[in-house]
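Chemist: Got a file for you: start.pdb, PDB, C-alpha atoms and all ligand atoms.
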ATOM      1  CA  MET I   1      16.998  27.375  48.811
ATOM      2  CA  LEU I   2      14.427  30.141  49.407
ATOM      3  CA  THR I   3      14.919  33.216  51.550
ATOM      4  CA  ILE I   4      12.137  35.745  52.037
ATOM      5  CA  SER I   5      13.142  38.835  54.013
ATOM      6  CA  GLY I   6      10.750  41.520  55.177
ATOM      7  CA  LEU I   7       8.323  40.891  52.333
ATOM      8  CA  THR I   8       5.490  43.400  52.144
ATOM      9  CA  LYS I   9       2.912  43.504  49.375
ATOM     10  CA  THR I  10       0.172  46.118  49.265
ATOM     11  CA  TYR I  11      -2.193  45.896  46.323
ATOM     12  CA  ALA I  12      -2.945  49.138  44.480
ATOM     13  CA  LYS I  13      -6.033  50.898  45.849
ATOM     14  CA  SER I  14      -5.695  48.989  49.107
ATOM     15  CA  GLY I  15      -4.107  50.710  52.068
ATOM     16  CA  ILE I  16      -3.686  47.453  53.962
ATOM     17  CA  PRO I  17      -0.744  45.143  53.216
ATOM     18  CA  ALA I  18      -1.850  41.690  52.031
ATOM     19  CA  VAL I  19       1.587  40.463  53.157
ATOM     20  CA  ASP I  20       3.183  42.370  55.981
ATOM     21  CA  ASN I  21       6.901  42.237  56.725
ATOM     22  CA  LEU I  22       7.144  38.472  56.271
ATOM     23  CA  SER I  23      10.446  36.637  56.620
ATOM     24  CA  LEU I  24      11.035  32.906  56.301
ATOM     25  CA  THR I  25      13.557  30.424  54.956
ATOM     26  CA  VAL I  26      13.070  27.117  53.171
ATOM     27  CA  LYS I  27      16.217  25.042  53.462
ATOM     28  CA  ASP I  28      17.628  22.594  50.943
ATOM     29  CA  GLY I  29      15.890  19.247  51.297
ATOM     30  CA  GLU I  30      12.926  20.714  53.191
ATOM     31  CA  ILE I  31       9.163  20.525  52.620
ATOM     32  CA  TYR I  32       7.658  23.728  54.004
ATOM     33  CA  GLY I  33       3.894  23.886  54.559
ATOM     34  CA  PHE I  34       2.397  27.367  54.420
ATOM     35  CA  ILE I  35      -0.991  27.556  56.061
ATOM     36  CA  GLY I  36      -3.440  30.256  57.117
ATOM     37  CA  PRO I  37      -7.090  31.277  56.943
ATOM     38  CA  ASN I  38      -8.738  32.400  53.704
ATOM     39  CA  GLY I  39      -7.413  35.801  52.700
ATOM     40  CA  ALA I  40      -4.385  35.522  55.003
ATOM     41  CA  GLY I  41      -1.871  36.238  52.237
ATOM     42  CA  LYS I  42      -0.631  32.781  51.148
ATOM     43  CA  SER I  43      -1.264  33.162  47.421
ATOM     44  CA  THR I  44       0.024  36.738  47.455
ATOM     45  CA  THR I  45       3.279  35.551  49.069
ATOM     46  CA  ILE I  46       3.535  32.710  46.571
ATOM     47  CA  LYS I  47       2.945  35.018  43.599
ATOM     48  CA  CYS I  48       5.749  37.272  44.849
ATOM     49  CA  VAL I  49       8.054  34.273  45.360
ATOM     50  CA  THR I  50       7.438  33.068  41.806
ATOM     51  CA  GLY I  51       7.857  36.504  40.256
ATOM     52  CA  VAL I  52       4.235  36.744  39.126
ATOM     53  CA  LEU I  53       3.669  39.807  41.316
ATOM     54  CA  ASP I  54       6.057  42.594  42.158
ATOM     55  CA  TYR I  55       6.233  43.496  45.834
ATOM     56  CA  THR I  56       6.254  46.685  47.837
ATOM     57  CA  GLN I  57       9.183  46.026  50.189
ATOM     58  CA  GLY I  58      11.625  43.317  51.146
ATOM     59  CA  SER I  59      13.604  40.773  49.176
ATOM     60  CA  ILE I  60      13.252  37.246  47.811
ATOM     61  CA  ALA I  61      16.163  35.023  46.813
ATOM     62  CA  VAL I  62      16.016  31.570  45.239
ATOM     63  CA  ASN I  63      19.309  29.715  45.460
ATOM     64  CA  GLY I  64      20.973  33.077  45.993
ATOM     65  CA  ALA I  65      19.372  34.658  42.895
ATOM     66  CA  ASP I  66      17.410  37.789  43.758
ATOM     67  CA  MET I  67      13.902  37.796  42.274
ATOM     68  CA  ARG I  68      14.126  41.502  41.404
ATOM     69  CA  SER I  69      17.658  41.903  40.119
ATOM     70  CA  GLU I  70      18.057  38.439  38.515
ATOM     71  CA  PRO I  71      14.472  37.381  37.759
ATOM     72  CA  LEU I  72      15.234  34.966  34.915
ATOM     73  CA  LYS I  73      17.912  33.174  36.908
ATOM     74  CA  ALA I  74      15.669  32.971  39.979
ATOM     75  CA  LYS I  75      12.637  31.778  38.003
ATOM     76  CA  ARG I  76      14.609  28.968  36.338
ATOM     77  CA  PHE I  77      14.966  27.325  39.744
ATOM     78  CA  VAL I  78      11.212  27.418  40.328
ATOM     79  CA  GLY I  79       8.268  25.251  39.277
ATOM     80  CA  TYR I  80       4.950  26.919  40.097
ATOM     81  CA  VAL I  81       1.438  25.527  40.374
ATOM     82  CA  SER I  82      -0.986  28.416  40.752
ATOM     83  CA  ASP I  83      -4.257  28.482  42.644
ATOM     84  CA  ASP I  84      -6.317  28.959  39.491
ATOM     85  CA  HIS I  85      -6.438  26.936  36.315
ATOM     86  CA  ALA I  86      -5.776  29.626  33.758
ATOM     87  CA  MET I  87      -4.381  27.482  30.952
ATOM     88  CA  TYR I  88      -4.089  27.489  27.206
ATOM     89  CA  GLU I  89      -7.422  25.782  26.628
ATOM     90  CA  ARG I  90      -6.969  25.261  22.904
ATOM     91  CA  LEU I  91      -3.773  23.263  23.304
ATOM     92  CA  THR I  92      -3.798  19.553  24.018
ATOM     93  CA  GLY I  93      -2.155  18.337  27.219
ATOM     94  CA  THR I  94       0.869  17.110  25.252
ATOM     95  CA  GLU I  95       1.190  20.437  23.429
ATOM     96  CA  PHE I  96       1.058  22.312  26.710
ATOM     97  CA  VAL I  97       3.791  20.156  28.275
ATOM     98  CA  THR I  98       5.905  20.481  25.113
ATOM     99  CA  PHE I  99       5.509  24.256  25.370
ATOM    100  CA  MET I 100       6.729  24.170  28.977
ATOM    101  CA  CYS I 101       9.677  21.970  27.920
ATOM    102  CA  ASP I 102      10.579  24.520  25.236
ATOM    103  CA  VAL I 103      10.392  27.424  27.691
ATOM    104  CA  TYR I 104      12.679  25.688  30.163
ATOM    105  CA  ASP I 105      15.009  24.015  27.614
ATOM    106  CA  VAL I 106      14.260  20.440  28.636
ATOM    107  CA  PRO I 107      16.408  18.151  26.432
ATOM    108  CA  VAL I 108      14.291  16.480  23.750
ATOM    109  CA  SER I 109      15.727  13.082  24.730
ATOM    110  CA  GLU I 110      14.295  13.518  28.267
ATOM    111  CA  ARG I 111      10.832  14.794  27.446
ATOM    112  CA  ARG I 112       9.071  11.595  26.460
ATOM    113  CA  LYS I 113      10.406   9.655  29.436
ATOM    114  CA  ARG I 114       9.446  12.315  31.982
ATOM    115  CA  LEU I 115       5.998  12.876  30.484
ATOM    116  CA  ALA I 116       5.266   9.140  30.364
ATOM    117  CA  ARG I 117       6.060   8.817  34.071
ATOM    118  CA  TYR I 118       3.836  11.727  35.098
ATOM    119  CA  VAL I 119       0.989  10.659  32.831
ATOM    120  CA  ASP I 120       1.124   7.262  34.463
ATOM    121  CA  LEU I 121       1.292   8.645  38.021
ATOM    122  CA  PHE I 122      -1.656  10.965  37.400
ATOM    123  CA  ASP I 123      -3.712   8.591  35.241
ATOM    124  CA  LEU I 124      -3.912  10.875  32.229
ATOM    125  CA  GLN I 125      -3.121   8.223  29.601
ATOM    126  CA  GLY I 126      -6.470   8.609  27.842
ATOM    127  CA  ASP I 127      -6.592  12.393  27.999
ATOM    128  CA  ILE I 128      -3.120  13.834  27.519
ATOM    129  CA  GLY I 129      -3.719  14.065  23.741
ATOM    130  CA  LYS I 130      -7.064  15.850  24.122
ATOM    131  CA  PRO I 131      -7.680  19.634  24.201
ATOM    132  CA  ILE I 132      -7.397  21.176  27.652
ATOM    133  CA  SER I 133     -10.841  22.723  27.138
ATOM    134  CA  SER I 134     -12.293  19.217  27.538
ATOM    135  CA  TYR I 135     -10.533  18.591  30.882
ATOM    136  CA  SER I 136     -12.246  18.426  34.251
ATOM    137  CA  HIS I 137     -11.074  20.624  37.142
ATOM    138  CA  GLY I 138      -8.908  17.825  38.579
ATOM    139  CA  MET I 139      -7.416  16.980  35.172
ATOM    140  CA  LYS I 140      -6.377  20.601  34.688
ATOM    141  CA  GLN I 141      -4.807  20.547  38.133
ATOM    142  CA  LYS I 142      -2.834  17.418  37.222
ATOM    143  CA  LEU I 143      -1.658  18.938  33.951
ATOM    144  CA  SER I 144      -0.672  22.130  35.723
ATOM    145  CA  ILE I 145       1.442  20.052  38.130
ATOM    146  CA  ILE I 146       3.093  18.153  35.257
ATOM    147  CA  GLY I 147       3.846  21.433  33.462
ATOM    148  CA  ALA I 148       5.467  22.813  36.609
ATOM    149  CA  LEU I 149       7.603  19.750  37.338
ATOM    150  CA  ILE I 150       8.669  18.691  33.838
ATOM    151  CA  HIS I 151      11.846  20.809  33.892
ATOM    152  CA  GLU I 152      12.854  19.335  37.263
ATOM    153  CA  PRO I 153      13.115  22.663  39.087
ATOM    154  CA  GLN I 154      14.942  22.668  42.401
ATOM    155  CA  LEU I 155      12.194  24.570  44.205
ATOM    156  CA  TRP I 156       8.576  23.554  43.812
ATOM    157  CA  VAL I 157       6.134  26.309  44.778
ATOM    158  CA  LEU I 158       2.649  24.871  44.902
ATOM    159  CA  ASP I 159      -0.486  26.818  45.813
ATOM    160  CA  GLU I 160      -3.013  24.365  47.243
ATOM    161  CA  PRO I 161      -1.773  21.561  44.971
ATOM    162  CA  MET I 162      -4.040  18.803  46.368
ATOM    163  CA  THR I 163      -7.230  20.707  45.551
ATOM    164  CA  GLY I 164      -9.371  18.647  43.212
ATOM    165  CA  LEU I 165      -6.981  15.697  43.012
ATOM    166  CA  ASP I 166      -8.353  12.186  43.415
ATOM    167  CA  PRO I 167      -6.850  10.090  46.244
ATOM    168  CA  LYS I 168      -4.344   8.219  44.067
ATOM    169  CA  SER I 169      -3.025  11.411  42.455
ATOM    170  CA  SER I 170      -2.908  13.184  45.788
ATOM    171  CA  TYR I 171      -0.913  10.288  47.250
ATOM    172  CA  ASN I 172       1.447  10.222  44.268
ATOM    173  CA  LEU I 173       2.010  13.968  44.505
ATOM    174  CA  LYS I 174       2.975  13.580  48.157
ATOM    175  CA  MET I 175       5.380  10.785  47.193
ATOM    176  CA  LEU I 176       6.863  12.994  44.458
ATOM    177  CA  MET I 177       7.380  15.753  47.006
ATOM    178  CA  LYS I 178       9.225  13.338  49.285
ATOM    179  CA  GLU I 179      11.301  11.985  46.408
ATOM    180  CA  HIS I 180      12.158  15.518  45.272
ATOM    181  CA  THR I 181      13.327  16.700  48.679
ATOM    182  CA  ALA I 182      15.255  13.473  49.347
ATOM    183  CA  LYS I 183      17.550  14.623  46.524
ATOM    184  CA  GLY I 184      18.251  17.918  48.316
ATOM    185  CA  ASN I 185      15.585  19.961  46.518
ATOM    186  CA  SER I 186      12.802  21.864  48.283
ATOM    187  CA  VAL I 187       9.036  22.297  48.282
ATOM    188  CA  PHE I 188       7.122  25.355  49.485
ATOM    189  CA  PHE I 189       3.383  24.762  49.351
ATOM    190  CA  SER I 190       0.168  26.160  50.737
ATOM    191  CA  SER I 191      -2.703  24.022  51.896
ATOM    192  CA  HIS I 192      -5.812  23.952  54.017
ATOM    193  CA  VAL I 193      -5.468  20.205  54.598
ATOM    194  CA  LEU I 194      -3.723  20.336  57.938
ATOM    195  CA  ASP I 195      -3.277  16.624  58.504
ATOM    196  CA  VAL I 196      -1.425  16.338  55.189
ATOM    197  CA  VAL I 197       0.773  19.291  56.119
ATOM    198  CA  GLU I 198       1.465  17.770  59.500
ATOM    199  CA  LYS I 199       2.387  14.411  57.992
ATOM    200  CA  ILE I 200       4.659  15.398  55.138
ATOM    201  CA  CYS I 201       6.225  18.729  56.080
ATOM    202  CA  ASP I 202       9.544  19.306  57.779
ATOM    203  CA  ARG I 203       8.562  22.866  58.657
ATOM    204  CA  VAL I 204       5.278  24.739  58.937
ATOM    205  CA  GLY I 205       4.541  28.467  58.803
ATOM    206  CA  ILE I 206       1.219  30.024  59.753
ATOM    207  CA  ILE I 207       0.230  33.341  58.191
ATOM    208  CA  ASP I 208      -2.681  35.447  59.410
ATOM    209  CA  HIS I 209      -3.623  38.939  58.241
ATOM    210  CA  GLY I 210      -0.421  39.027  56.205
ATOM    211  CA  LYS I 211       1.886  38.302  59.144
ATOM    212  CA  LEU I 212       3.806  35.117  59.839
ATOM    213  CA  ILE I 213       2.601  34.254  63.320
ATOM    214  CA  ALA I 214       4.235  30.829  63.700
ATOM    215  CA  ASP I 215       7.193  29.102  62.095
ATOM    216  CA  CYS I 216       8.430  25.808  63.471
ATOM    217  CA  THR I 217       9.544  22.346  62.500
ATOM    218  CA  THR I 218       6.994  19.575  62.736
ATOM    219  CA  ALA I 219       9.337  17.912  65.242
ATOM    220  CA  GLU I 220       9.107  21.019  67.449
ATOM    221  CA  LEU I 221       5.370  20.942  67.045
ATOM    222  CA  ARG I 222       5.212  17.343  68.189
ATOM    223  CA  SER I 223       7.352  18.054  71.237
ATOM    224  CA  SER I 224       5.541  21.292  72.092
ATOM    225  CA  GLY I 225       3.111  19.655  74.464
ATOM    226  CA  LEU I 226       0.070  20.201  72.286
ATOM    227  CA  ASP I 227      -1.823  17.002  72.844
ATOM    228  CA  SER I 228      -3.296  16.652  69.430
ATOM    229  CA  SER I 229      -2.423  18.362  66.260
ATOM    230  CA  LEU I 230      -1.507  21.151  63.970
ATOM    231  CA  GLU I 231      -5.218  21.862  63.745
ATOM    232  CA  GLU I 232      -5.236  22.697  67.433
ATOM    233  CA  LEU I 233      -2.268  25.011  67.096
ATOM    234  CA  PHE I 234      -3.813  26.631  64.043
ATOM    235  CA  LEU I 235      -7.142  27.284  65.750
ATOM    236  CA  SER I 236      -5.556  28.436  68.946
ATOM    237  CA  ILE I 237      -3.443  31.124  67.330
ATOM    238  CA  THR I 238      -5.531  32.229  64.366
ATOM    239  CA  ALA I 239      -9.043  32.225  65.764
ATOM    240  CA  ASP I 240     -10.537  34.661  68.186
ATOM    241  CA  LYS I 241     -12.107  32.219  70.634
ATOM    242  CA  ASP I 242     -15.192  34.386  71.067
ATOM    243  CA  SER I 243     -15.926  34.231  67.368
ATOM    244  CA  ARG I 244     -15.571  30.469  66.908
ATOM    245  CA  GLY I 245     -18.630  28.620  65.713
ATOM    246  CA  PHE I 246     -18.002  25.888  68.270
ATOM    247  CA  ALA I 247     -16.537  26.180  71.694
ATOM    248  CA  PHE I 248     -12.962  25.001  71.968
ATOM    249  CA  ASP I 249     -11.719  23.408  75.172
ATOM    250  CA  GLU I 250     -15.165  23.908  76.682
ATOM    251  CA  GLU I 251     -14.789  21.078  79.150
ATOM    252  CA  GLY I 252     -11.421  22.149  80.303
ATOM    253  CA  SER I 253     -10.793  24.832  82.770
ATOM    254  CA  GLY I 254      -8.841  27.968  82.228
ATOM    255  CA  ASP I 255      -5.855  25.843  83.142
ATOM    256  CA  GLY I 256      -6.217  23.766  80.016
ATOM    257  CA  ARG I 257      -6.229  26.862  77.906
ATOM    258  CA  ALA I 258      -3.278  28.277  79.775
ATOM    259  CA  ALA I 259      -1.294  25.081  79.240
ATOM    260  CA  GLN I 260      -2.111  25.139  75.579
ATOM    261  CA  SER I 261      -1.184  28.772  75.337
ATOM    262  CA  ALA I 262       2.167  28.059  76.969
ATOM    263  CA  ALA I 263       2.758  25.252  74.511
ATOM    264  CA  THR I 264       1.882  27.364  71.495
ATOM    265  CA  ASP I 265       4.217  30.070  72.722
ATOM    266  CA  GLY I 266       7.006  27.582  72.167
ATOM    267  CA  VAL I 267       6.260  27.375  68.470
ATOM    268  CA  ARG I 268       5.166  30.926  67.818
ATOM    269  CA  LYS I 269       7.294  32.906  65.492
ATOM    270  CA  SER I 270       9.706  34.838  67.576
ATOM    271  CA  GLY I 271      10.508  38.273  66.235
ATOM    272  CA  ALA I 272       7.894  37.952  63.485
ATOM    273  CA  ASP I 273       7.880  41.699  63.258
ATOM    274  CA  THR I 274      11.620  41.936  62.853
ATOM    275  CA  PRO I 275      12.686  41.264  59.269
ATOM    276  CA  ALA I 276      16.182  40.105  58.550
ATOM    277  CA  ASP I 277      16.927  43.114  56.375
ATOM    278  CA  GLY I 278      14.955  45.812  58.130
ATOM    279  CA  GLY I 279      12.190  45.397  55.579
ATOM    280  CA  ASP I 280      12.239  48.903  54.237
ATOM    281  CA  LYS I 281      13.873  48.416  50.905
ATOM    282  CA  ALA I 282      12.116  49.990  47.943
TER     283      ALA I 282
HETATM  284  N1  LIG I 301      -5.567  41.035  42.909
HETATM  285  C1  LIG I 301      -5.877  41.513  44.100
HETATM  286  N2  LIG I 301      -6.221  42.815  44.264
HETATM  287  C2  LIG I 301      -6.513  43.325  45.482
HETATM  288  N3  LIG I 301      -6.512  42.603  46.609
HETATM  289  C3  LIG I 301      -6.187  41.298  46.511
HETATM  290  C4  LIG I 301      -5.869  40.686  45.256
HETATM  291  N4  LIG I 301      -5.589  39.379  45.476
HETATM  292  C5  LIG I 301      -5.744  39.184  46.803
HETATM  293  N5  LIG I 301      -6.106  40.320  47.426
HETATM  294  C6  LIG I 301      -6.337  40.497  48.866
HETATM  295  O1  LIG I 301      -5.146  40.146  49.540
HETATM  296  C7  LIG I 301      -5.434  39.445  50.733
HETATM  297  C8  LIG I 301      -4.698  38.113  50.721
HETATM  298  O2  LIG I 301      -5.255  37.314  49.685
HETATM  299  P1  LIG I 301      -4.586  35.929  49.251
HETATM  300  O3  LIG I 301      -5.237  35.509  47.970
HETATM  301  O4  LIG I 301      -3.121  36.085  49.262
HETATM  302  O5  LIG I 301      -5.028  34.995  50.461
HETATM  303  P2  LIG I 301      -4.881  33.428  50.664
HETATM  304  O6  LIG I 301      -4.220  33.236  52.001
HETATM  305  O7  LIG I 301      -4.231  32.798  49.496
HETATM  306  O8  LIG I 301      -6.394  32.962  50.808
HETATM  307  P3  LIG I 301      -7.129  31.603  50.330
HETATM  308  O9  LIG I 301      -6.897  30.605  51.431
HETATM  309  O10 LIG I 301      -8.572  31.992  50.267
HETATM  310  O11 LIG I 301      -6.571  31.174  49.020
HETATM  311  C9  LIG I 301      -6.948  39.340  50.825
HETATM  312  O12 LIG I 301      -7.415  40.379  51.652
HETATM  313  C10 LIG I 301      -7.407  39.556  49.397
HETATM  314  O13 LIG I 301      -8.664  40.173  49.377
HETATM  315 MG    MG I 302      -4.842  31.429  48.082
END
Could you render the structure from this file as structure tokens?
Ligand SMILES: Nc1ncnc2c1ncn2[C@@H]1O[C@H](COP(=O)(O)OP(=O)(O)OP(=O)(O)O)[C@@H](O)[C@H]1O
Ligand SMILES: [Mg+2]

Modeler:
Amino acid sequence: MLTISGLTKTYAKSGIPAVDNLSLTVKDGEIYGFIGPNGAGKSTTIKCVTGVLDYTQGSIAVNGADMRSEPLKAKRFVGYVSDDHAMYERLTGTEFVTFMCDVYDVPVSERRKRLARYVDLFDLQGDIGKPISSYSHGMKQKLSIIGALIHEPQLWVLDEPMTGLDPKSSYNLKMLMKEHTAKGNSVFFSSHVLDVVEKICDRVGIIDHGKLIADCTTAELRSSGLDSSLEELFLSITADKDSRGFAFDEEGSGDGRAAQSAATDGVRKSGADTPADGGDKA
């Protein structure tokens, strides 16, 4: 569904790549959780994947359509929820969704039915007709999600989609993700909520300083020997232990740390520095 090969993005005036030679694949029917510390490069990767940002090197293909050479074709497969809430504040929620339906050619006969379902799932019945400028943070997030999903794109690309959602909406979004992938579609989303990622994802990638440092299935993670969780893996491979606010594995001996290190080696990204395509395309 999504293939990223040797992606590098360096922002103008910055000599350091925000995303550095990153390669990953999201298969049909898969939910892929993309995690990493603040500033690691998640949103930059996502903006490249959705065609919002051009990139410095590498390639991105959605359903075989290259984001550079066939951008309109590639973008039609994608529904994108961004990390900010830049919206058309003077439109009502309904007008915004209608606009998205027009952009993506959603049949008129389908629009009302789809919107009614989402409005119900996200409890926006009383507000969908009101101007977006009157919406709360969470309401804008819900509307942004509806606008991204209304054309039933095969690949959902969601940048921290749970942020600001109330528990019912968060639960319903997770159910929608499951329902979507059960039909053979895919979800690529970033999050800082590791227990959610661990529960609903088929595959998890960890990015740090622009590099993909781990990429494994959640089944591999569970069988890796790590006694607790994704959180443990995350902390063990992204944090410099000397700079942690709290000691980690204090009680244990060096042996405990060694065992954990051996386990994390099993799920570390092998060949993270070796892109599929050499990574030096213009
Ligand atoms: N528009 C921009 N111009 C220059 N540098 C940028 C820009 N956007 C992001 N960066 C830099 O790129 C790096 C990656 O940022 P990015 O927003 O991709 O991180 P992130 O993993 O999404 O972080 P967060 O968890 O805080 O959302 C950071 O060093 C950031 O300062
Ligand atoms: Mg981000």

Chemist: Of the residues I:Ile200, I:Leu91, I:Leu2, I:Ile35, which is the one nearest to ligand MG 302 (chain I), using all atoms listed in the file?

Modeler: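 Among the listed residues, the smallest separation from ligand MG 302 (chain I) belongs to I:Ile35.
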
Chemist: Figure out the distance between CA of Lys9 (chain I) and CA of Gln57 (chain I), please, to one decimal in Å.

Modeler: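 Going from CA of Gln57 (chain I) over to CA of Lys9 (chain I), I get 6.8 Å.
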
Chemist: Which residue out of I:Asp123, I:Met175, I:Tyr32, I:Met1 has the minimum interatomic distance to Cys201 (chain I) when only C-alpha atoms are used?

Modeler: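 Using only C-alpha atoms, Cys201 (chain I) sits closest to I:Tyr32.
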
Chemist: To test the calculation: enclose all listed atoms of region 89-95 of chain I in a box whose edges run along x, y and z, add 4 Å on each side, then state centre and edge lengths in Å to one decimal, as JSON.

Modeler:
{"center_x": -3.1, "center_y": 21.4, "center_z": 25.1, "size_x": 16.6, "size_y": 16.7, "size_z": 12.3}

Chemist: Could you tell me which residues the PyMOL selection byres (((not hetatm)) within 6 of (chain I and resi 301)) grabs in this file, written as a list in words?

Modeler: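 Selected by the PyMOL selection byres (((not hetatm)) within 6 of (chain I and resi 301)) in this file: Tyr11, Ala18, Gly36, Pro37, Asn38, Gly39, Ala40, Gly41, Lys42, Ser43 and Thr44 of chain I.
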
Chemist: What is the distance between CA of Glu160 (chain I) and CA of Ser134 (chain I), in Å to one decimal?

Modeler: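 Between CA of Glu160 (chain I) and CA of Ser134 (chain I) the gap works out to 22.4 Å.
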
Chemist: Could you check how far CA of Phe188 (chain I) sits from CA of Tyr80 (chain I), in Å to one decimal?

Modeler: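 Computed distance, CA of Phe188 (chain I) to CA of Tyr80 (chain I), equals 9.8 Å.
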
Chemist: Expand the PyMOL selection byres (((chain I and resi 76) around 10) and not hetatm) into the individual residues it matches in the shown file, reporting them as a list in words.

Modeler: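 That selection, the PyMOL selection byres (((chain I and resi 76) around 10) and not hetatm), comes back as Thr50, Val62, Ala65, Pro71, Leu72, Lys73, Ala74, Lys75, Phe77, Val78, Gly79, Val103, Tyr104, His151, Glu152, Pro153, Gln154 and Leu155 of chain I.
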
Chemist: Write the residues of the preceding selection, restricted to C-alpha atoms, as a JSON list (two decimals), in the coordinates of the input.

Modeler:
[["chain", "number", "residue", "atom", "x", "y", "z"],
["I", 50, "THR", "CA", 7.44, 33.07, 41.81],
["I", 62, "VAL", "CA", 16.02, 31.57, 45.24],
["I", 65, "ALA", "CA", 19.37, 34.66, 42.90],
["I", 71, "PRO", "CA", 14.47, 37.38, 37.76],
["I", 72, "LEU", "CA", 15.23, 34.97, 34.92],
["I", 73, "LYS", "CA", 17.91, 33.17, 36.91],
["I", 74, "ALA", "CA", 15.67, 32.97, 39.98],
["I", 75, "LYS", "CA", 12.64, 31.78, 38.00],
["I", 77, "PHE", "CA", 14.97, 27.32, 39.74],
["I", 78, "VAL", "CA", 11.21, 27.42, 40.33],
["I", 79, "GLY", "CA", 8.27, 25.25, 39.28],
["I", 103, "VAL", "CA", 10.39, 27.42, 27.69],
["I", 104, "TYR", "CA", 12.68, 25.69, 30.16],
["I", 151, "HIS", "CA", 11.85, 20.81, 33.89],
["I", 152, "GLU", "CA", 12.85, 19.34, 37.26],
["I", 153, "PRO", "CA", 13.12, 22.66, 39.09],
["I", 154, "GLN", "CA", 14.94, 22.67, 42.40],
["I", 155, "LEU", "CA", 12.19, 24.57, 44.20]]

Chemist: So that I can check the surroundings of Thr217 (chain I), please list as a compact mmCIF listing (two decimals) with C-alpha atoms, in the coordinates of the input every protein, DNA and RNA residue that reaches within 10 Å of it, counting all atoms listed in the file and ignoring chain neighbours fewer than 5 positions away.

Modeler:
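The file below, part35.txt, is the result:
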# COMPACT_ATOMS: atom_id res chain seq x y z
CA TYR I 32 7.66 23.73 54.00
CA GLY I 33 3.89 23.89 54.56
CA GLU I 198 1.46 17.77 59.50
CA CYS I 201 6.22 18.73 56.08
CA ASP I 202 9.54 19.31 57.78
CA ARG I 203 8.56 22.87 58.66
CA VAL I 204 5.28 24.74 58.94
CA GLY I 205 4.54 28.47 58.80
CA ARG I 222 5.21 17.34 68.19
CA SER I 223 7.35 18.05 71.24
CA VAL I 267 6.26 27.38 68.47

Chemist: Would you kindly translate the PyMOL selection byres (((chain I and resi 55) around 10) and not hetatm) into the concrete residues it picks from this file, as a list in words?

Modeler: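 After applying the PyMOL selection byres (((chain I and resi 55) around 10) and not hetatm), what remains is Leu7, Thr8, Lys9, Thr10, Tyr11, Val19, Thr44, Thr45, Lys47, Cys48, Val49, Gly51, Val52, Leu53, Asp54, Thr56, Gln57, Gly58, Ser59, Ile60, Arg68 and Ala282 of chain I.
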
Chemist: Restricting the calculation to all atoms listed in the file, which member of I:Ser5, I:Ser109, I:Thr94, I:Ser82 is positioned closest to ligand MG 302 (chain I)?

Modeler: I:Ser82

Chemist: Under the rule that only C-alpha atoms are counted, which of I:Pro167, I:Thr238, I:His180, I:Val196 is the nearest residue to His209 (chain I)?

Modeler: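 Ranking I:Pro167, I:Thr238, I:His180, I:Val196 by distance to His209 (chain I), first place goes to I:Thr238.
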
Chemist: If you count only C-alpha atoms, which residues fall within 9 Å of Leu115 (chain I), apart from same-chain ones fewer than 4 positions away, as an mmCIF file with C-alpha atoms, in the frame of the given file?

Modeler:
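result.cif was written with the following content:
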data_model
loop_
_atom_site.group_PDB
_atom_site.id
_atom_site.type_symbol
_atom_site.label_atom_id
_atom_site.label_comp_id
_atom_site.auth_asym_id
_atom_site.auth_seq_id
_atom_site.Cartn_x
_atom_site.Cartn_y
_atom_site.Cartn_z
ATOM 1 C CA THR I 94 0.869 17.110 25.252
ATOM 2 C CA VAL I 97 3.791 20.156 28.275
ATOM 3 C CA GLU I 110 14.295 13.518 28.267
ATOM 4 C CA ARG I 111 10.832 14.794 27.446
ATOM 5 C CA VAL I 119 0.989 10.659 32.831
ATOM 6 C CA ASP I 120 1.124 7.262 34.463
ATOM 7 C CA ILE I 146 3.093 18.153 35.257
ATOM 8 C CA ILE I 150 8.669 18.691 33.838
#

Chemist: Counting all atoms listed in the file, which residue out of I:Lys140, I:Arg90, I:Lys183, I:Lys168 sits closest to Asp28 (chain I)?

Modeler: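 Nearest candidate to Asp28 (chain I) out of I:Lys140, I:Arg90, I:Lys183, I:Lys168: I:Lys183.
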
Chemist: Nearest to ligand MG 302 (chain I): which of I:Ser190, I:Ser133, I:Thr163, I:Thr3 is it, counting only C-alpha atoms and all ligand atoms?

Modeler: I:Ser190

Chemist: Please identify all polymer residues lying at most 9 Å from the point (9.8, 16.1, 49.1) (file coordinates), using all atoms listed in the file, and present the result as a list in words.

Modeler: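 Using all atoms listed in the file, the matching residues come out as Gly29, Glu30, Ile31, Lys174, Met175, Leu176, Met177, Lys178, Glu179, His180, Thr181, Ala182, Lys183, Gly184, Asn185, Ser186, Val187, Ile200 and Cys201 of chain I.
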
Chemist: Using the block above, I'd like region 234-238 of chain I written out, keeping N, CA and C atoms and formatting it as an mmCIF file, in the first residue's frame.

Modeler:
data_model
loop_
_atom_site.group_PDB
_atom_site.id
_atom_site.type_symbol
_atom_site.label_atom_id
_atom_site.label_comp_id
_atom_site.auth_asym_id
_atom_site.auth_seq_id
_atom_site.Cartn_x
_atom_site.Cartn_y
_atom_site.Cartn_z
ATOM 1 N N PHE I 234 10.764 1.410 23.632
ATOM 2 C CA PHE I 234 10.940 2.799 23.198
ATOM 3 C C PHE I 234 12.009 3.492 24.040
ATOM 4 N N LEU I 235 11.871 3.381 25.358
ATOM 5 C CA LEU I 235 12.830 4.060 26.241
ATOM 6 C C LEU I 235 14.217 3.469 26.108
ATOM 7 N N SER I 236 14.262 2.154 25.923
ATOM 8 C CA SER I 236 15.576 1.531 25.890
ATOM 9 C C SER I 236 16.362 1.875 24.637
ATOM 10 N N ILE I 237 15.661 2.175 23.543
ATOM 11 C CA ILE I 237 16.440 2.457 22.327
ATOM 12 C C ILE I 237 16.437 3.919 21.907
ATOM 13 N N THR I 238 15.594 4.745 22.540
ATOM 14 C CA THR I 238 15.633 6.156 22.153
ATOM 15 C C THR I 238 16.311 7.027 23.199
#
